Structure formats: structure tokens, C-alpha cells
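Everything below concerns the one structure shown next.
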Amino acid sequence: MIRAHFSAWVVTLFWAILLFSLTLIFEIGRIVPIPGATMFDHATYCDSADCGQRHEVTLPFLTDFNYTDQTEIHRMRITVTLDRQPDSLRAFYLPKLSDDIELRLNGALLHQRLPHRRLWNQPLLVSVPPSMLHPGDNVLDISLFGALPGKLDLYPVFFGDIDVLRGPFKVRYILGPGLTRFGLGTMMLLAVGFALIWIQRREDRKHLWLGLCCASACIFLAQFGTTVPFPSYRIWKMVQITSLSFYALFTLKFVRTLLTMPPTCLERAHVASLVLGTPVLLLLPIRQMDIVGTLLMLLILFTGLATVALLRLHRRRLARTDFTVFFAALIVSISFSLDGMVQWLASSPPLSIHLLHLMPLLTTMVGLWLILSQLTRSLRGYETLTAELQDRIDLKTRELQDSFALNARAQQVQAIQAERNRIMLDLHDGLGGQIVSTMAYMENNDIRDTILHEALEDMLRDLALMLDCIENEESLTTLLGMLRTRLEGLLARHGVDFDWRIEEEPEFANQDPSRNLQIARIVQEAITNVIKHAEATVITIYTDKSNIRISDNGHGFDIGRLPGAGDVQYGIQGMRRRAAKIGAQLHLESGPGGPSVTLIFP
């Protein structure tokens, strides 16, 4: 058991340090030159308001903690040299600064100091009208203000067209205050939602702990995502540490409840540190208060690592996917906590952007996903059990119903087929026989009426087409092949050849004899138009999964000007109506590749 605990801790530390190292390697939020803008990574530091004594400093400019009661002020100057006065709006872009700032350009106030602390992790974009700039040297005076404990910073400053700088500013704003405020709003909604769920299901405390996690995160994020002023730095620091401590405690309680485990000694130790640490933070001097606050932050980090190690040690109590997602989210949160510690303790932080504000949002959202995942699996299990019981109760009934349904379906299919055969027989022996008899009579009596003979052939061919569509209801390719056979005599008589290009079987939903007949009518009408008007020698039929295309090598067509356009227009209108009736599209084209009619299936 001791070996398993040790292994869980080692794995947890390994992944937390690895992810934190990756954030340092990839330098998240790294400030780089912006194409089209001037980057100032050096400034003149002024020892007095009139900048009588000065020296060069490199940006980022960072200060140590200052625990005096006086407001800390640092003054710097940057010179922007212009060849001519600009004719469009310019801007200064400051990716990161702390705590507050005042900007003056050529002596005129450009950005006024705020009456309270600036938003945490927020960039600044200040527009500059062209009238405030002139050819030559333009002096930007920067005054940094810091309240207790006065740890100030100023990173490189950019100058350029405001449209060029607005994009980087928005990206950095979203990563900082944007995500902080989004997390704050999300945590407030989740806190209320989990509270309502817990009120309905008080026996399940997972929702209670998740709701309290969200409430603690709201307090923490409100410090850095809003402009609410605090009475003093002592109160601000105490609220920050207390909210993070409660967040870590409730996360541990949630994981323990999720794993169905009893309370641990670590929970009691964490509660004791909260009870004892809060009065100490209120009573100690500011300098010693920060030391105690740092120790409490380390305890919070330790509790987070212990929570992840506990999750890994008992991972078999969770589904594999749930464990993977939750473990990954907690590890990333731990790496963000490490970043927060480094940002606080290091005199020169490795990253120019804070990541600690992402921790509550990530952890709580994954906790919500975990709850929903378990709820989904419970519902699925309930549905499966209900279905099995219902199957056992109604097995014989469903078998009888299926038997009756199959019998009724077979009788229905048999009746439909019998009626279809009767109609086909009546058409073939009745109307078809009369047409054939009429044609035989004309031949026997040497009646040489070409128009009447062709009309009778067209009627016979049309009747055969109807019978083919009734007989064949599954394959459009087979139907087209039958149509080809029926039309070969007509095509031969007019000296037209068929070019048959069947790539794939057309796929058409709800296929039945009626729809097949509509398709055959469209193809027949297109071929008839080619024979009558195109003076073509080859007709090409092409099919794929979604198209039937009829093209020829005759001359193109212009419906508005072609002789006999009335017949063509009437035929095309009929084809369009038939296509619309079966939910297809008819596309006509007459271009360099020859005229074509394409039937497009949805």
C-alpha cells in the first residue's frame, strides 16, 4: 500500500512538473515584435519628475516588493521619432504592466491613472490622434504607480497604426481579463445550478462540493476580473488565499466523495490551517503576512497534488475515460498553480502572462462533465434494465405481433403483386394487343401512312415503358437499359447511336414504380428532343450515384430563339415538373462540350 501511494505521488509530480516545464518551453504569452509596429524594449528611467537625472533601462522593467506606506512611483520616458505627421489614428500598446499607469505625450495627458488598482493580467491600448504627434521626436512620459506591496512591472511598449495593434491587444485581452470574466460568469451559473441539484438530492454530496468549489472560484476570480476596490492589501491578500484554500478543500472533498471514500487526515489538516491562518494574516505585519501567505499557498498546492495522487491511486473506481479526462484536467490545474507561485515568488517571472485564473474554470468544468457522464451512464443502465424486463414480459406478445405483421405484410405484398400483374396483363393483352393488331392490319392491307405508323410505334413504345417501370422497381440502371432497348429502333431509323456510360447505380430515396416512370419519362423526353431538334449522331447516357446526364454531339440550343421553341419549352417544362414531383433537380446546359440535360438527385 505504501508503495502504491509513493507511485501515485511520483506520477503526479512528474506530470505536473512536465506540463509546467512545457509552458516555460513554449513561452505562453511571449511578447514578440509585431509586423508594422515599432517595439520599444529600452526606456529612459527618470529619477525625478523633471527627468533631470536619467539612465537607460531594459524592458521588461521589474521591481521588488516594497512594504512602505508610501505609493511607489517610477517614471520612464520613450522617444518616438517620426518623419512626418501621421494622417491616421495611431496607438500605444502595452502588453503587460502593474499596478497603475499614467501616460503623457509631448506633455499632454494621454491616459489618466485609475482611482483604484488595475485589472490583473490586463493589457492596455491607448489611441493617439494625429494632432498630438509631430515630425521629429515625440516624447512619451510613463509613470508607474504601485500600492502596497508595490511589486511593479512594465514590459516592452509598441507604437503603430491602431488597426495593426488592435489584433494583438484583443488576443492578449481574451487570454487575460476575457477568460477571467468568462470563468467568473460560468462559475456563478454553475454554483447556482449545483446548489439546486443538491437541494433536490441531498443524499448525493458530490453536487454540494462542486457547488462550493464554484462559489470559492467566484470569489477568487472576482478579485482579478472586476474593478471592485478592496479596503487594504491585507484584506485583498486574505480573501485571495482563503478563497483558494476553500477551493482546494472542496475539490478534495468532491474527489473523495466521487471515489466513495471516508474523510482523510489531509482534510482535517487543511481545515485547521484555514482556522489558524486567517487570524494570523489579519494580525501580522505586512511583510510577515506575505511570508505566512506564501506558506499557505504551498499548503494549497500540496493539497492539490494530494487530490490528484488520491485520484490516481483509486482510478479503478472510475470509468477509464472519466479518470483520463479528470486526471488530465487536475494535472493542468496544478501546473497553473505552479505558475501562480512562480509569478509571485520570482523576481523575474519566466512568463509575461498569468495562467492561475484558468485553474478554477478548467477543474470545475471537467467536474461538471464527470457528473453528466455518470448521469448519462446511470440513465443508460436504467434504460437497459427496463428494456430487459420489458423484453421478458412481452416476449411472447411481440413474437405473435411480429408473426401477424409478417403474415399481413406478405399478404399485402402478394395482393399488390397480383394486382400489378393483372394491370400489366390487361395493358399488354388489351391496349397493347389492339395497337399490334392495328399495325398488322395496316401492313396486311398495304396502308402506307407513315405518320400513323410512327404514332402507333410511339404508343407501343410508351406502353412498353410503362410496363417496364411497373415490373422493375429496384434498379434505375436496369430500367435505363430497358429504355435503351425500346428506343434502339427509333434511334436507328434516325441514324443516332447510343454511347452508354454507366459509372455507378443512381441512389434515389423512396424508389417505386411511379417515381421510376417519372425518371424514365424525363430521359425519354430528353432523347426525343435530341432526335427532333439537335441533328445529333451520338447520344450519351451517363450515370453516377447522384446524376443521370443525357448529352449529344448536336448543335446547342437557345430556348428563346430555336425554331420550334414552343415544343421544346413545353417538353422542358414537363421535365421540370416531373423532376420537382420526385424531389430532384433538372439542369440544362449548352456549352463547348455540347448540350446536356442532367437530372440531379438530392
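Order determines the names: the first chain of the C-alpha cells is A, the second B, and so forth; residues in each chain are numbered 1 upward, and ligands are numbered 1 upward as they are shown.
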
Discussion item. What's around Leu298 in chain A at 12 Å? Count only C-alpha atoms, leave out sequence neighbours fewer than 2 positions away in its own chain, and write the answer as a VMD selection string.
Written reply: chain A and resid 241 244 to 245 248 270 273 291 to 296 300 to 305 334 337 to 338 340 to 342 344 to 345

Practice prompt. Would you mind listing what lies within 9 Å of range 156-163 of chain A as JSON, numbers by chain, with only C-alpha atoms counted and same-chain residues fewer than 2 positions away left out?
Written response: {"A": [31, 33, 34, 36, 37, 38, 39, 40, 41, 42, 43, 58, 59, 60, 61, 78, 80, 88, 89, 90, 91, 92, 93, 94, 95, 96, 125, 126, 127, 128, 154, 165, 166, 167]}

Worksheet item: Suppose you want the space between CA of Leu480 in chain A and CA of Ser514 in chain A; what is it in Å?
Response: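 Interatomic distance, CA of Leu480 in chain A to CA of Ser514 in chain A: 14.8 Å.
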
Discussion item. Quick check for you: according to DSSP on this backbone, which residues of range 65-309 of chain A are classed as alpha helix (DSSP H)? Reply as a VMD selection string.
Written reply: chain A and resid 162 to 173 179 to 200 206 to 225 233 to 258 265 to 283 286 to 309

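Across A:Gln122, A:Gln343, A:Thr79, A:Gln53, the tightest approach to Asn106 in chain A is made by A:Thr79 when counting only C-alpha atoms.
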
Practice prompt. Considering only C-alpha atoms, state which residue in the set A:Thr68, A:Thr376, A:Thr180, A:Thr528 is at the smallest distance from Pro285 in chain A.
Written response: A:Thr68
